[in-house]
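Chemist: My questions all concern the structure below.
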Protein chains: 2
Amino acid sequence: MLKNAEFTDKLRSSGLRPTKQRLKICEVLFNRDNTFHFTINDLAKNISKVLNERISLATVYNTVHAFKKKGYLKEISINSDKSYFDTNTTNHHHFFDEDTNELIDCDDGIIETPKIKKNISGKKINSVEVLVKVATDNQNQK
Amino acid sequence: MLKNAEFTDKLRSSGLRPTKQRLKICEVLFNRDNTFHFTINDLAKNISKVLNERISLATVYNTVHAFKKKGYLKEISINSDKSYFDTNTTNHHHFFDEDTNELIDCDDGIIETPKIKKNISGKKINSVEVLVKVATDNQNQK
DNA sequence: TCAATAGTTTAGAATAATTATAATATATTA
DNA sequence: TAATATATTATAATTATTCTAAACTATTGA
């Protein structure tokens, strides 16, 4: 359980002012055992539920994007209608459960990161990620 | 170059009425050599340019979704702000050029489809796809 | 310590993408 | 060809996100 002081330092050291709102958002995002996959709306709801306090939606957007830019969050696009963020910023793979729209981190070793035998010329590979879409067997699949 | 009659048959055989609009959209989508990656807006613009005729945007949406449901198109989510569709409906991998926002099909053999060593229990794997994000070397990467 | 300033937050407006509505038109069926 | 089922359309509604500009807060340094 990280303390405010630690978040304060972390924010300041990355050039972000440690405001009340940002610290609260840190609490919600990073004071947890597991990876958190969320949409901005999820997060906003979570904040008002857990902290019993309202933070302007615009601020939640600003903060999430600031955190993403600093590398504390990662954005993941599975389907067009929702943008997910992930507190696990390491290069990793995902399962996406099409029944529940749930995004699940792949544990190390479950999927080997594939080798890219030929890259686009003049470009650098920034990431290689695998997305495995699953659903219950009887479901009509996309 | 497929002819109208062929599209007509194909549509009818999948339970879609071969309307004027759908046939025109088929022409634009499927009468080409290469895979076509597009957003719905791209497609709408393409139609009015190539065919010199306007199809209501709602119809373009309806049609694209109908085609997707029938498996003639595939939806691809790379980043949250845009939803791409792909006329290549086979299981395949992509490069995404972060400089130009261009989506590029991976030729067979460039990337081996990774093995999934352990699946979510009770679920069936519907797809396994790799996305390789690239950018020019000097670019600041995400 | 306090004023100046730079950076943040906020509500609400603006925008953009997509979906819904309901009237009109078209294709299919019998 | 009439009855019906399905599609198309313009427009309205919705939703997610970004913009704006005013009010507020943190930082700096005199």
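Numbering starts fresh at 1 for the residues of each chain in the structure tokens, the chains themselves are lettered A, B, ... in the order given, and ligands are numbered from 1 as they appear.
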Could you give me the residues within chain A that DSSP places in alpha helix (DSSP H), as a PyMOL selection string?

Modeler: chain A and resi 4-13+20-30+40-50+57-70

Chemist: At a cut-off of 9 Å, using only C-alpha atoms (C1' of nucleotides), what residues contact segment 13-25 of chain C? Leave out same-chain residues fewer than 4 positions from it and give the result as a list in words.

Modeler: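 Selected residues are Ala58, Tyr61, Asp81 and Lys82 of chain B; DA7, DT8, DT9, DT11, DA12, DA13, DT14, DT15, DA16, DT17, DT18, DC19 and DT20 of chain D.
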
Chemist: In Å, how far is it from atom CA of Tyr84 of chain B to atom CA of Arg22 of chain B?

Modeler: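 Atom CA of Tyr84 of chain B sits 19.1 Å away from atom CA of Arg22 of chain B.
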
Chemist: Do me a favour and pick out the residues of chain B within 12 Å of chain C, using only C-alpha atoms (C1' of nucleotides), as a PyMOL selection string.

Modeler: chain B and resi 12+15-21+39-41+57-62+65+80-83

Chemist: Keeping only C-alpha atoms, write those residues as a PDB file, in the first residue's frame.

Modeler:
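Output file part23.pdb is given in full below:
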```
ATOM      1  CA  ARG B  12     -28.758 -13.294 -51.899  1.00  0.00           C
ATOM      2  CA  GLY B  15     -29.725 -13.614 -46.935  1.00  0.00           C
ATOM      3  CA  LEU B  16     -29.027 -10.023 -47.883  1.00  0.00           C
ATOM      4  CA  ARG B  17     -31.136  -8.396 -50.511  1.00  0.00           C
ATOM      5  CA  PRO B  18     -29.007  -7.238 -53.396  1.00  0.00           C
ATOM      6  CA  THR B  19     -29.977  -3.612 -53.452  1.00  0.00           C
ATOM      7  CA  LYS B  20     -28.503  -0.939 -55.649  1.00  0.00           C
ATOM      8  CA  GLN B  21     -26.573   0.489 -52.712  1.00  0.00           C
ATOM      9  CA  THR B  39     -12.884   3.580 -41.869  1.00  0.00           C
ATOM     10  CA  ILE B  40     -16.549   4.029 -42.599  1.00  0.00           C
ATOM     11  CA  ASN B  41     -15.880   7.623 -43.459  1.00  0.00           C
ATOM     12  CA  LEU B  57     -24.038   7.459 -44.402  1.00  0.00           C
ATOM     13  CA  ALA B  58     -26.531   5.426 -42.397  1.00  0.00           C
ATOM     14  CA  THR B  59     -26.687   2.933 -45.225  1.00  0.00           C
ATOM     15  CA  VAL B  60     -22.934   2.699 -45.371  1.00  0.00           C
ATOM     16  CA  TYR B  61     -22.899   1.926 -41.660  1.00  0.00           C
ATOM     17  CA  ASN B  62     -25.689  -0.599 -41.995  1.00  0.00           C
ATOM     18  CA  HIS B  65     -22.051  -4.009 -40.298  1.00  0.00           C
ATOM     19  CA  SER B  80      -9.463   4.148 -29.897  1.00  0.00           C
ATOM     20  CA  ASP B  81     -10.346   7.014 -32.166  1.00  0.00           C
ATOM     21  CA  LYS B  82     -10.839   5.044 -35.326  1.00  0.00           C
ATOM     22  CA  SER B  83     -12.388   1.767 -36.262  1.00  0.00           C
TER      23      SER B  83
END
```

Chemist: Quick one: DSSP strand (DSSP E) residues in segment 23-135 of chain B, as a PyMOL selection string?

Modeler: chain B and resi 37-38+74-79+82-86+94-97+102-105+123-135

Chemist: Could you list the residues in chain A lying within 9 Å of chain B, using only C-alpha atoms, and format the result as a PyMOL selection string?

Modeler: chain A and resi 68-69+71+74-84+95+97+109-120+122-138+141-142

Chemist: Separation of atom CA of Asp42 of chain B and atom C1' of DA10 of chain D, in Å?

Modeler: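 It comes out at 20.4 Å.
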
Chemist: Set the distance at 9 Å and use only C-alpha atoms (C1' of nucleotides): which residues neighbour Leu43 of chain A once local chain neighbours fewer than 5 positions away are removed? I'd like the list as a list in words.

Modeler: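 Contacts, with the query itself left out: Ile25, Val28, Leu29, Phe38, Ser48 and Val60 of chain A.
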